[in-house]
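Printed here is protein-v9.txt (compact mmCIF, C-alpha atoms):
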# COMPACT_ATOMS: atom_id res chain seq x y z
CA MET A 1 47.63 -205.56 -117.42
CA SER A 2 48.32 -208.10 -120.16
CA ARG A 3 46.19 -208.45 -123.28
CA ILE A 4 44.99 -211.90 -122.16
CA LYS A 5 44.01 -210.58 -118.73
CA VAL A 6 42.09 -207.70 -120.33
CA GLU A 7 40.29 -210.19 -122.60
CA LYS A 8 39.43 -212.40 -119.63
CA ASN A 9 38.02 -209.41 -117.75
CA VAL A 10 35.96 -208.48 -120.82
CA TYR A 11 34.44 -211.98 -120.96
CA ASN A 12 33.78 -212.10 -117.21
CA ARG A 13 32.11 -208.68 -117.21
CA ASN A 14 30.02 -209.72 -120.24
CA GLN A 15 28.86 -212.86 -118.46
CA GLU A 16 27.64 -210.83 -115.45
CA LEU A 17 25.69 -208.48 -117.71
CA ALA A 18 24.30 -211.43 -119.70
CA GLU A 19 22.89 -212.90 -116.47
CA GLU A 20 21.29 -209.52 -115.66
CA ASN A 21 19.73 -209.46 -119.14
CA ARG A 22 18.49 -213.04 -118.69
CA ARG A 23 16.80 -212.16 -115.39
CA ARG A 24 15.07 -209.18 -116.99
CA PHE A 25 13.93 -211.27 -119.99
CA GLN A 26 12.56 -214.01 -117.75
CA GLN A 27 10.72 -211.54 -115.51
CA ALA A 28 9.11 -210.02 -118.62
CA GLY A 29 8.20 -213.48 -119.95
CA ALA A 30 10.14 -212.88 -123.17
CA TYR A 31 11.79 -215.84 -124.90
CA VAL A 32 15.09 -214.61 -126.33
CA VAL A 33 16.94 -215.94 -129.38
CA ASN A 34 20.46 -214.98 -130.55
CA MET A 35 21.00 -215.51 -134.30
CA ILE A 36 24.58 -215.84 -135.55
CA SER A 37 25.85 -216.30 -139.12
CA SER A 38 28.13 -215.09 -141.89
CA PRO A 39 27.11 -211.87 -143.65
CA GLY A 40 24.27 -212.47 -146.08
CA SER A 41 23.16 -215.97 -145.10
CA GLY A 42 19.56 -214.80 -144.64
CA LYS A 43 19.00 -214.00 -140.95
CA THR A 44 16.78 -210.98 -141.66
CA SER A 45 14.83 -212.88 -144.35
CA LEU A 46 14.13 -215.68 -141.86
CA ILE A 47 12.78 -213.13 -139.37
CA GLU A 48 10.65 -211.58 -142.15
CA ARG A 49 9.09 -215.01 -142.74
CA LEU A 50 8.55 -215.54 -139.01
CA ALA A 51 6.83 -212.18 -138.43
CA PRO A 52 3.40 -212.89 -140.02
CA ARG A 53 3.30 -216.28 -138.27
CA CYS A 54 3.78 -214.51 -134.93
CA VAL A 55 0.88 -212.16 -135.77
CA ALA A 56 -1.31 -215.13 -136.77
CA ALA A 57 -0.49 -216.92 -133.51
CA GLY A 58 -1.17 -213.81 -131.42
CA ARG A 59 2.48 -213.62 -130.37
CA ARG A 60 4.25 -210.27 -129.96
CA LEU A 61 7.64 -210.20 -131.71
CA PHE A 62 10.42 -207.72 -130.93
CA VAL A 63 13.72 -207.66 -132.82
CA ILE A 64 17.15 -206.20 -132.10
CA GLU A 65 19.22 -205.81 -135.27
CA GLY A 66 23.01 -205.71 -134.97
CA ASP A 67 25.11 -204.31 -137.81
CA VAL A 68 28.45 -202.57 -138.17
CA GLU A 69 26.73 -199.74 -140.05
CA THR A 70 23.23 -198.76 -141.35
CA GLU A 71 19.67 -199.03 -140.07
CA ARG A 72 18.67 -201.11 -143.12
CA ASP A 73 17.68 -204.36 -141.42
CA ALA A 74 15.55 -202.71 -138.73
CA ASP A 75 13.88 -200.66 -141.49
CA ARG A 76 13.13 -203.86 -143.48
CA LEU A 77 11.34 -205.32 -140.47
CA ARG A 78 9.51 -202.10 -139.51
CA ARG A 79 8.02 -202.04 -143.02
CA LEU A 80 6.37 -205.36 -142.06
CA GLY A 81 5.05 -203.84 -138.84
CA VAL A 82 7.65 -205.53 -136.62
CA GLU A 83 8.94 -203.64 -133.58
CA ALA A 84 12.68 -203.38 -134.16
CA VAL A 85 15.62 -201.46 -132.73
CA GLN A 86 18.94 -201.19 -134.55
CA ILE A 87 22.35 -201.38 -132.89
CA GLN A 88 25.08 -199.93 -135.09
CA THR A 89 28.39 -201.12 -133.68
CA HIS A 90 30.45 -198.68 -135.83
CA GLY A 91 33.30 -201.10 -136.38
CA ALA A 92 32.81 -203.58 -133.55
CA CYS A 93 32.60 -207.18 -134.73
CA HIS A 94 29.96 -208.57 -132.35
CA LEU A 95 27.16 -207.62 -129.97
CA ASP A 96 27.79 -207.92 -126.25
CA ALA A 97 25.40 -208.05 -123.31
CA ALA A 98 26.00 -204.37 -122.49
CA ALA A 99 25.03 -203.27 -126.02
CA VAL A 100 21.81 -205.29 -125.79
CA ALA A 101 21.00 -203.80 -122.36
CA ARG A 102 21.54 -200.26 -123.69
CA ALA A 103 19.39 -200.93 -126.76
CA LEU A 104 16.55 -202.13 -124.51
CA ALA A 105 16.96 -199.44 -121.82
CA GLY A 106 13.74 -197.61 -122.74
CA ALA A 107 11.83 -200.62 -124.10
CA GLU A 108 8.75 -202.13 -122.46
CA LEU A 109 9.33 -205.88 -122.61
CA ALA A 110 6.23 -206.96 -120.67
CA GLY A 111 3.96 -208.56 -123.26
CA VAL A 112 6.79 -209.41 -125.65
CA ASP A 113 6.58 -213.14 -126.40
CA LEU A 114 9.63 -213.51 -128.61
CA LEU A 115 12.71 -211.28 -128.69
CA ILE A 116 15.08 -212.07 -131.53
CA ILE A 117 18.58 -210.60 -131.50
CA GLU A 118 20.16 -210.69 -134.95
CA ASN A 119 23.89 -210.51 -134.32
CA VAL A 120 26.50 -208.80 -136.51
CA GLY A 121 27.34 -210.91 -139.61
CA ASN A 122 30.41 -212.79 -138.35
CA LEU A 123 30.87 -216.51 -137.63
CA ILE A 124 33.72 -216.03 -135.15
CA CYS A 125 33.63 -213.16 -132.65
CA PRO A 126 29.93 -213.26 -131.63
CA THR A 127 30.26 -216.89 -130.47
CA GLY A 128 32.12 -215.90 -127.28
CA PHE A 129 29.52 -213.41 -126.05
CA ASP A 130 26.42 -214.58 -124.19
CA LEU A 131 23.71 -211.91 -124.61
CA GLY A 132 21.34 -213.44 -122.05
CA GLU A 133 19.51 -215.52 -124.67
CA GLN A 134 17.68 -218.79 -124.02
CA LEU A 135 18.28 -220.16 -127.51
CA ARG A 136 21.11 -219.69 -129.94
CA ILE A 137 20.66 -220.29 -133.68
CA VAL A 138 23.48 -220.52 -136.21
CA VAL A 139 22.40 -219.89 -139.80
CA ALA A 140 24.33 -221.13 -142.85
CA SER A 141 23.58 -220.78 -146.54
CA THR A 142 24.06 -223.39 -149.27
CA ALA A 143 26.11 -220.80 -151.18
CA GLU A 144 28.81 -220.73 -148.48
CA GLY A 145 30.19 -224.26 -148.90
CA ASP A 146 29.46 -227.38 -146.86
CA ASP A 147 32.74 -227.22 -144.90
CA LYS A 148 31.82 -224.27 -142.70
CA PRO A 149 31.11 -226.31 -139.50
CA LEU A 150 34.66 -227.73 -139.79
CA LYS A 151 36.23 -224.31 -140.27
CA TYR A 152 34.14 -222.42 -137.70
CA PRO A 153 33.35 -225.13 -135.12
CA ALA A 154 32.69 -222.79 -132.16
CA ALA A 155 29.68 -221.24 -133.90
CA TYR A 156 28.14 -224.71 -134.18
CA HIS A 157 29.38 -226.05 -130.87
CA LYS A 158 27.73 -223.25 -128.91
CA ALA A 159 24.41 -223.19 -130.83
CA ASP A 160 21.17 -225.05 -130.04
CA VAL A 161 19.75 -224.86 -133.56
CA CYS A 162 21.29 -224.83 -137.02
CA ILE A 163 19.29 -223.53 -139.98
CA LEU A 164 20.61 -224.32 -143.44
CA ASN A 165 19.08 -221.58 -145.58
CA LYS A 166 18.91 -220.92 -149.36
CA MET A 167 17.95 -224.54 -150.10
CA ASP A 168 16.58 -223.18 -153.42
CA LEU A 169 20.17 -222.61 -154.62
CA LEU A 170 21.15 -226.25 -154.14
CA ALA A 171 20.96 -227.10 -157.85
CA TRP A 172 23.40 -224.30 -158.71
CA VAL A 173 26.14 -224.72 -156.11
CA ASP A 174 28.58 -227.44 -155.00
CA PHE A 175 27.05 -228.27 -151.65
CA ASP A 176 26.42 -231.68 -150.07
CA VAL A 177 23.66 -231.30 -147.46
CA GLU A 178 24.43 -234.62 -145.77
CA ARG A 179 28.13 -233.73 -145.50
CA PHE A 180 27.22 -230.33 -144.04
CA GLU A 181 24.85 -231.79 -141.47
CA ALA A 182 27.32 -234.53 -140.49
CA ALA A 183 29.99 -231.86 -139.92
CA ALA A 184 27.54 -229.74 -137.89
CA ARG A 185 26.63 -232.78 -135.76
CA ARG A 186 30.33 -233.54 -135.22
CA ALA A 187 30.72 -230.04 -133.76
CA ASN A 188 27.55 -230.51 -131.68
CA ALA A 189 25.61 -233.80 -131.50
CA GLN A 190 22.62 -232.03 -129.85
CA LEU A 191 22.03 -229.54 -132.68
CA GLN A 192 18.44 -229.25 -133.88
CA LEU A 193 18.71 -229.04 -137.70
CA PHE A 194 16.39 -227.26 -140.14
CA ARG A 195 16.58 -226.76 -143.90
CA THR A 196 14.88 -223.64 -145.24
CA SER A 197 14.39 -221.44 -148.26
CA CYS A 198 13.00 -217.95 -147.79
CA ARG A 199 12.32 -217.81 -151.55
CA THR A 200 10.24 -221.00 -151.92
CA GLY A 201 9.06 -221.23 -148.32
CA GLU A 202 10.59 -224.70 -147.91
CA GLY A 203 11.00 -225.60 -144.25
CA ILE A 204 9.79 -222.24 -142.93
CA ASP A 205 6.64 -223.65 -141.31
CA ALA A 206 8.63 -226.44 -139.66
CA TRP A 207 11.15 -224.01 -138.19
CA CYS A 208 8.55 -221.41 -137.08
CA ASP A 209 6.25 -224.07 -135.55
CA TRP A 210 9.17 -225.57 -133.65
CA LEU A 211 10.22 -222.14 -132.35
CA MET A 212 6.66 -221.26 -131.24
CA GLN A 213 6.34 -224.57 -129.40
CA ARG A 214 9.73 -224.16 -127.80
CA ARG A 215 8.74 -220.67 -126.67
CA ALA A 216 5.50 -222.01 -125.17
CA MET B 1 46.16 -200.52 -118.73
CA SER B 2 42.75 -199.86 -120.27
CA ARG B 3 41.21 -202.03 -122.96
CA ILE B 4 41.49 -199.19 -125.50
CA LYS B 5 45.16 -198.64 -124.67
CA VAL B 6 45.85 -202.37 -125.07
CA GLU B 7 44.07 -202.33 -128.44
CA LYS B 8 46.08 -199.31 -129.57
CA ASN B 9 49.31 -201.06 -128.59
CA VAL B 10 48.21 -204.17 -130.52
CA TYR B 11 47.62 -202.08 -133.67
CA ASN B 12 50.90 -200.17 -133.31
CA ARG B 13 52.91 -203.35 -132.77
CA ASN B 14 51.19 -204.96 -135.76
CA GLN B 15 52.08 -201.98 -137.95
CA GLU B 16 55.78 -202.30 -137.05
CA LEU B 17 55.77 -206.01 -137.89
CA ALA B 18 53.84 -205.33 -141.14
CA GLU B 19 56.59 -202.91 -142.22
CA GLU B 20 59.20 -205.60 -141.46
CA ASN B 21 57.22 -208.10 -143.56
CA ARG B 22 56.95 -205.56 -146.39
CA ARG B 23 60.71 -204.99 -146.42
CA ARG B 24 61.32 -208.76 -146.57
CA PHE B 25 58.77 -209.19 -149.38
CA GLN B 26 60.27 -206.34 -151.39
CA GLN B 27 63.82 -207.64 -150.96
CA ALA B 28 62.67 -211.05 -152.21
CA GLY B 29 60.86 -209.46 -155.15
CA ALA B 30 57.54 -211.01 -154.10
CA TYR B 31 54.33 -209.13 -154.85
CA VAL B 32 51.98 -209.71 -151.91
CA VAL B 33 48.18 -209.73 -151.93
CA ASN B 34 45.85 -209.87 -148.90
CA MET B 35 42.40 -211.34 -149.72
CA ILE B 36 39.53 -210.54 -147.35
CA SER B 37 35.89 -211.70 -147.50
CA SER B 38 32.98 -213.35 -145.73
CA PRO B 39 33.20 -217.11 -145.23
CA GLY B 40 32.45 -218.97 -148.44
CA SER B 41 32.57 -216.15 -150.99
CA GLY B 42 35.12 -218.04 -153.11
CA LYS B 43 38.61 -216.82 -152.18
CA THR B 44 40.20 -220.28 -152.48
CA SER B 45 38.36 -220.99 -155.76
CA LEU B 46 39.70 -217.73 -157.21
CA ILE B 47 43.25 -218.78 -156.27
CA GLU B 48 42.61 -222.22 -157.82
CA ARG B 49 41.72 -220.46 -161.09
CA LEU B 50 44.77 -218.20 -160.86
CA ALA B 51 47.26 -221.04 -160.25
CA PRO B 52 47.43 -222.57 -163.78
CA ARG B 53 47.71 -219.06 -165.26
CA CYS B 54 50.74 -218.42 -163.05
CA VAL B 55 52.32 -221.65 -164.31
CA ALA B 56 51.56 -220.70 -167.93
CA ALA B 57 53.13 -217.28 -167.41
CA GLY B 58 56.21 -218.75 -165.71
CA ARG B 59 55.31 -217.04 -162.44
CA ARG B 60 55.93 -218.77 -159.11
CA LEU B 61 52.89 -218.59 -156.80
CA PHE B 62 53.01 -219.09 -153.04
CA VAL B 63 49.90 -219.04 -150.84
CA ILE B 64 49.29 -218.56 -147.13
CA GLU B 65 45.88 -219.88 -146.08
CA GLY B 66 44.28 -218.47 -142.93
CA ASP B 67 41.47 -220.37 -141.22
CA VAL B 68 40.16 -220.74 -137.70
CA GLU B 69 40.50 -224.53 -138.00
CA THR B 70 41.52 -227.18 -140.57
CA GLU B 71 44.19 -227.51 -143.23
CA ARG B 72 41.52 -227.95 -145.95
CA ASP B 73 42.24 -224.89 -148.08
CA ALA B 74 46.01 -225.41 -148.20
CA ASP B 75 45.33 -229.06 -149.12
CA ARG B 76 43.01 -227.96 -151.97
CA LEU B 77 45.80 -225.83 -153.42
CA ARG B 78 48.57 -228.41 -152.89
CA ARG B 79 46.52 -230.88 -154.92
CA LEU B 80 46.95 -228.40 -157.81
CA GLY B 81 50.69 -228.25 -157.20
CA VAL B 82 50.59 -224.84 -155.50
CA GLU B 83 53.06 -224.19 -152.67
CA ALA B 84 50.84 -223.40 -149.69
CA VAL B 85 51.19 -223.06 -145.93
CA GLN B 86 48.21 -223.10 -143.60
CA ILE B 87 47.79 -220.88 -140.55
CA GLN B 88 45.18 -222.23 -138.14
CA THR B 89 44.25 -219.41 -135.79
CA HIS B 90 42.36 -221.73 -133.37
CA GLY B 91 39.69 -219.18 -132.56
CA ALA B 92 41.33 -215.93 -133.58
CA CYS B 93 39.24 -213.89 -136.00
CA HIS B 94 41.96 -212.46 -138.27
CA LEU B 95 45.55 -212.85 -139.38
CA ASP B 96 48.11 -210.38 -138.11
CA ALA B 97 51.59 -209.50 -139.33
CA ALA B 98 53.23 -211.65 -136.63
CA ALA B 99 51.30 -214.76 -137.70
CA VAL B 100 52.34 -214.19 -141.31
CA ALA B 101 55.99 -213.73 -140.28
CA ARG B 102 55.88 -216.97 -138.25
CA ALA B 103 54.29 -218.90 -141.11
CA LEU B 104 57.06 -217.72 -143.45
CA ALA B 105 59.93 -218.17 -140.98
CA GLY B 106 61.40 -221.18 -142.78
CA ALA B 107 60.25 -220.29 -146.30
CA GLU B 108 62.56 -219.29 -149.15
CA LEU B 109 60.83 -216.31 -150.78
CA ALA B 110 63.53 -215.51 -153.35
CA GLY B 111 62.04 -216.48 -156.69
CA VAL B 112 58.42 -216.17 -155.50
CA ASP B 113 56.64 -213.83 -157.90
CA LEU B 114 53.25 -213.69 -156.25
CA LEU B 115 52.44 -214.36 -152.58
CA ILE B 116 48.73 -214.50 -151.84
CA ILE B 117 47.53 -214.38 -148.24
CA GLU B 118 43.98 -215.67 -147.91
CA ASN B 119 42.71 -214.17 -144.69
CA VAL B 120 40.25 -215.75 -142.24
CA GLY B 121 36.64 -215.55 -143.50
CA ASN B 122 35.48 -212.37 -141.76
CA LEU B 123 34.53 -208.98 -143.23
CA ILE B 124 35.28 -207.00 -140.07
CA CYS B 125 38.32 -207.86 -137.94
CA PRO B 126 40.92 -208.50 -140.69
CA THR B 127 40.40 -204.99 -142.11
CA GLY B 128 42.37 -203.34 -139.27
CA PHE B 129 45.51 -205.48 -139.67
CA ASP B 130 48.12 -204.64 -142.30
CA LEU B 131 50.06 -207.84 -143.12
CA GLY B 132 52.73 -206.10 -145.19
CA GLU B 133 50.81 -206.57 -148.44
CA GLN B 134 51.10 -204.38 -151.53
CA LEU B 135 47.55 -205.03 -152.69
CA ARG B 136 44.36 -205.73 -150.78
CA ILE B 137 41.40 -207.48 -152.43
CA VAL B 138 37.92 -207.70 -150.95
CA VAL B 139 35.80 -210.53 -152.39
CA ALA B 140 31.99 -210.57 -152.31
CA SER B 141 29.54 -213.12 -153.66
CA THR B 142 26.21 -212.46 -155.40
CA ALA B 143 24.58 -214.77 -152.83
CA GLU B 144 25.43 -212.40 -149.96
CA GLY B 145 23.19 -209.46 -150.89
CA ASP B 146 24.08 -206.22 -152.65
CA ASP B 147 24.07 -204.13 -149.47
CA LYS B 148 27.32 -205.49 -148.01
CA PRO B 149 29.51 -202.46 -148.88
CA LEU B 150 27.05 -200.31 -146.91
CA LYS B 151 27.07 -202.61 -143.90
CA TYR B 152 30.81 -203.38 -143.88
CA PRO B 153 32.32 -200.18 -145.33
CA ALA B 154 35.82 -200.57 -143.82
CA ALA B 155 36.45 -203.76 -145.82
CA TYR B 156 35.78 -201.79 -149.01
CA HIS B 157 37.33 -198.52 -147.90
CA LYS B 158 40.68 -200.17 -147.20
CA ALA B 159 40.82 -202.41 -150.30
CA ASP B 160 42.39 -201.68 -153.69
CA VAL B 161 40.36 -204.26 -155.62
CA CYS B 162 36.83 -205.62 -155.27
CA ILE B 163 35.93 -208.93 -156.91
CA LEU B 164 32.25 -209.76 -157.18
CA ASN B 165 32.24 -213.55 -157.44
CA LYS B 166 29.54 -216.17 -158.18
CA MET B 167 28.17 -214.15 -161.12
CA ASP B 168 26.68 -217.48 -162.31
CA LEU B 169 24.13 -217.33 -159.44
CA LEU B 170 22.77 -213.94 -160.52
CA ALA B 171 19.61 -215.39 -162.09
CA TRP B 172 18.70 -217.17 -158.84
CA VAL B 173 19.27 -214.46 -156.20
CA ASP B 174 18.01 -210.95 -155.48
CA PHE B 175 21.14 -209.00 -156.28
CA ASP B 176 21.53 -205.77 -158.25
CA VAL B 177 25.12 -205.58 -159.58
CA GLU B 178 24.91 -201.85 -160.34
CA ARG B 179 23.62 -201.11 -156.85
CA PHE B 180 26.42 -203.21 -155.33
CA GLU B 181 29.13 -201.51 -157.36
CA ALA B 182 27.74 -198.05 -156.64
CA ALA B 183 27.81 -198.85 -152.91
CA ALA B 184 31.36 -200.21 -153.19
CA ARG B 185 32.44 -197.02 -155.01
CA ARG B 186 30.79 -194.88 -152.34
CA ALA B 187 32.98 -196.60 -149.75
CA ASN B 188 36.03 -196.20 -152.01
CA ALA B 189 36.00 -194.28 -155.29
CA GLN B 190 39.41 -195.74 -156.30
CA LEU B 191 38.31 -199.40 -156.13
CA GLN B 192 39.21 -201.53 -159.15
CA LEU B 193 36.12 -203.68 -159.80
CA PHE B 194 35.93 -207.17 -161.30
CA ARG B 195 33.01 -209.55 -161.84
CA THR B 196 33.88 -213.25 -161.84
CA SER B 197 32.46 -216.75 -161.78
CA CYS B 198 34.74 -219.63 -160.87
CA ARG B 199 32.13 -222.03 -162.30
CA THR B 200 31.76 -220.51 -165.80
CA GLY B 201 35.13 -218.78 -165.93
CA GLU B 202 33.49 -215.39 -166.51
CA GLY B 203 35.90 -212.56 -165.74
CA ILE B 204 38.72 -214.83 -164.53
CA ASP B 205 41.07 -213.94 -167.40
CA ALA B 206 40.44 -210.23 -166.92
CA TRP B 207 41.21 -210.40 -163.21
CA CYS B 208 44.28 -212.66 -163.57
CA ASP B 209 45.71 -210.61 -166.46
CA TRP B 210 45.25 -207.41 -164.47
CA LEU B 211 46.97 -208.95 -161.43
CA MET B 212 49.92 -210.25 -163.50
CA GLN B 213 50.39 -206.82 -165.11
CA ARG B 214 50.12 -205.08 -161.77
CA ARG B 215 52.74 -207.47 -160.37
CA ALA B 216 55.04 -206.73 -163.32
Could you spell out this file's structure in structure tokens?
Amino acid sequence: MSRIKVEKNVYNRNQELAEENRRRFQQAGAYVVNMISSPGSGKTSLIERLAPRCVAAGRRLFVIEGDVETERDADRLRRLGVEAVQIQTHGACHLDAAAVARALAGAELAGVDLLIIENVGNLICPTGFDLGEQLRIVVASTAEGDDKPLKYPAAYHKADVCILNKMDLLAWVDFDVERFEAAARRANAQLQLFRTSCRTGEGIDAWCDWLMQRRA
Amino acid sequence: MSRIKVEKNVYNRNQELAEENRRRFQQAGAYVVNMISSPGSGKTSLIERLAPRCVAAGRRLFVIEGDVETERDADRLRRLGVEAVQIQTHGACHLDAAAVARALAGAELAGVDLLIIENVGNLICPTGFDLGEQLRIVVASTAEGDDKPLKYPAAYHKADVCILNKMDLLAWVDFDVERFEAAARRANAQLQLFRTSCRTGEGIDAWCDWLMQRRA
């Protein structure tokens, strides 16, 4: 079997498992979000800011953390009282639907309002793998350069929401927010855009309120 | 053929082509560096700072730029008078030895002192692919968080040099340099560490001087 044929089989098999995941999530009433970004753009920090707002709104949050190695991100969230499971891929560059299904095998999803899957830090490989989510968010940071939607268009093309994080660093980096957002919109005219800072709290309410309403 | 067997064949074939590249580089007298990092950590900026120092030292620099899409990085360097070729992978998450050989098919390497290959922005997939380089550099930025060597150990384990860039942002981010360097050294005790800022120039001379000496 050729390499391309093997890859095609991998994608087809993933899509079947993603649909199985989606059916399970919908039966449980869980709204599922897949977060994709470069390493260190602030995915876990955004979830940390979301967690107390879920508690305040009476919403049950459950998080799957994907990393190549370590349990660090799940531990960060558990310290805030968030239910979190960690997937360590041990070298693999993305989560797939099978990994998500295995991570949730023993979990009780009934009563979970919001399930957030934080993907492995990688702007390329995760974009091709549907996990069964209803919403996909791509996160960028102002420290990464405003040309990232041009260089990694698939991440933006396949997302529903784009969060530009670390707005607090704007004074210290060469980053043109308008140029970034224009490039993101060129990749995907339907993108819902947010600007946030987990340090100052800028934009966090707007993003969390939007997500809660979308979930409802 | 199973997926694992196909992957093993891909790695074996890459290793053969990497050895061919290495022989060609050595015959031409070119010292070859493979730079790996997350998107936006400053690889191209570091090369921009290196370029005038190569001119001053009478060293001929040649750069291969790897990106998923766009010719932007090669254009940035050409504006500084650097010879640069761009590889657009159109979706692929890493460079491999075959892509490097194709990009250099028509190039005259005799007289090139330093050939820098800037890999695709990705801390995971490029680590498994030898390009025929003599030196591998992993670049991190202070905006990415000091836990990256723990989460992406292979990138550090397989590198010879680690450059911590964007030192100028240190006052504005939660980043412990000692903790980062200890984690990097845990992944690889032999790592040569540098701290740089392309904005202030901090550490640029030290890194460039070291590289020139190593090349000599």
Legend entry - Selection: 12 Å around Arg102 in chain B, all atoms listed in the file, excl. self and same-chain fewer than 2 positions, as number ranges by chain: B: 17, 21, 64, 85-88, 95-100, 104-107, 131
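Residue-level contacts from chain A to chain B at 7 Å, counting only C-alpha atoms, read Met1, Arg3, Val6, Ser38, Pro39, Gly40, Ser41, Asp67, Val68, Glu69, Thr70, Cys93, Asn122, Ile124, Cys125, Ala143, Glu144, Gly145, Leu150, Lys151 and Tyr152 of chain A.
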Output file for the selection above: C-alpha atoms, as a tab-separated table (two decimals), keeping the file's coordinate frame:
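Printed below is out_39.tsv as written:
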chain	number	residue	atom	x	y	z
A	1	MET	CA	47.63	-205.56	-117.42
A	3	ARG	CA	46.19	-208.45	-123.28
A	6	VAL	CA	42.09	-207.70	-120.33
A	38	SER	CA	28.13	-215.09	-141.89
A	39	PRO	CA	27.11	-211.87	-143.65
A	40	GLY	CA	24.27	-212.47	-146.08
A	41	SER	CA	23.16	-215.97	-145.10
A	67	ASP	CA	25.11	-204.31	-137.81
A	68	VAL	CA	28.45	-202.57	-138.17
A	69	GLU	CA	26.73	-199.74	-140.05
A	70	THR	CA	23.23	-198.76	-141.35
A	93	CYS	CA	32.60	-207.18	-134.73
A	122	ASN	CA	30.41	-212.79	-138.35
A	124	ILE	CA	33.72	-216.03	-135.15
A	125	CYS	CA	33.63	-213.16	-132.65
A	143	ALA	CA	26.11	-220.80	-151.18
A	144	GLU	CA	28.81	-220.73	-148.48
A	145	GLY	CA	30.19	-224.26	-148.90
A	150	LEU	CA	34.66	-227.73	-139.79
A	151	LYS	CA	36.23	-224.31	-140.27
A	152	TYR	CA	34.14	-222.42	-137.70
Inset, instruction - State, in Å with one decimal place, the distance from CA of Glu20 in chain A to CA of Leu193 in chain A. - result: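 Atom-to-atom, CA of Glu20 in chain A and CA of Leu193 in chain A are spaced 29.6 Å apart.
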Legend entry - 9 Å contact set for Gln134 in chain B, only C-alpha atoms, chain neighbours under 2 positions out, as number ranges by chain: B: 22, 31-34, 132, 136
Inset, instruction - Just the residues within 12 Å of Val161 in chain B, please, counting all atoms listed in the file, with nothing from its chain fewer than 6 positions along; format it as a list in words. - result: Val33, Asn34, Met35, Ile36, Ser37, Gln134, Leu135, Arg136, Ile137, Val138, Val139, Ala140, Ala155, Glu181, Ala184, Arg185, Asn188, Ala189, Gln190, Leu191, Gln192, Leu193, Phe194, Arg195, Trp207, Trp210, Leu211 and Arg214 of chain B
Using all atoms listed in the file - which residues lie no farther than 12 Å from the point (49.0, -226.6, -152.4) in the file's frame? Write them as an mmCIF file with C-alpha atoms, keeping the file's coordinate frame.
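Result saved to out-v6.cif:
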data_model
loop_
_atom_site.group_PDB
_atom_site.id
_atom_site.type_symbol
_atom_site.label_atom_id
_atom_site.label_comp_id
_atom_site.auth_asym_id
_atom_site.auth_seq_id
_atom_site.Cartn_x
_atom_site.Cartn_y
_atom_site.Cartn_z
ATOM 1 C CA THR B 44 40.200 -220.280 -152.480
ATOM 2 C CA ILE B 47 43.250 -218.780 -156.270
ATOM 3 C CA GLU B 48 42.610 -222.220 -157.820
ATOM 4 C CA ALA B 51 47.260 -221.040 -160.250
ATOM 5 C CA LEU B 61 52.890 -218.590 -156.800
ATOM 6 C CA PHE B 62 53.010 -219.090 -153.040
ATOM 7 C CA VAL B 63 49.900 -219.040 -150.840
ATOM 8 C CA ILE B 64 49.290 -218.560 -147.130
ATOM 9 C CA GLU B 65 45.880 -219.880 -146.080
ATOM 10 C CA GLU B 71 44.190 -227.510 -143.230
ATOM 11 C CA ARG B 72 41.520 -227.950 -145.950
ATOM 12 C CA ASP B 73 42.240 -224.890 -148.080
ATOM 13 C CA ALA B 74 46.010 -225.410 -148.200
ATOM 14 C CA ASP B 75 45.330 -229.060 -149.120
ATOM 15 C CA ARG B 76 43.010 -227.960 -151.970
ATOM 16 C CA LEU B 77 45.800 -225.830 -153.420
ATOM 17 C CA ARG B 78 48.570 -228.410 -152.890
ATOM 18 C CA ARG B 79 46.520 -230.880 -154.920
ATOM 19 C CA LEU B 80 46.950 -228.400 -157.810
ATOM 20 C CA GLY B 81 50.690 -228.250 -157.200
ATOM 21 C CA VAL B 82 50.590 -224.840 -155.500
ATOM 22 C CA GLU B 83 53.060 -224.190 -152.670
ATOM 23 C CA ALA B 84 50.840 -223.400 -149.690
ATOM 24 C CA VAL B 85 51.190 -223.060 -145.930
ATOM 25 C CA GLN B 86 48.210 -223.100 -143.600
#
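Between CA of Glu202 in chain A and CA of Ile117 in chain A lies a distance of 23.1 Å.
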Inset, instruction - Find the distance between CA of Asn14 in chain A and CA of Lys43 in chain A and write it in Å to one decimal. - result: 23.8 Å
Inset, instruction - Could you tell me which of B:Gly111, B:Tyr11, B:Leu50, B:Ser45 comes closest to Pro126 in chain B if we count only C-alpha atoms? - result: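 Of the candidates, the smallest distance to Pro126 in chain B is held by B:Tyr11.
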Inset, instruction - Point out the residue among A:Thr196, A:Gln213, A:Leu109, A:Phe180 with the least atom-to-atom distance to Leu46 in chain A, counting all atoms listed in the file. - result: A:Thr196
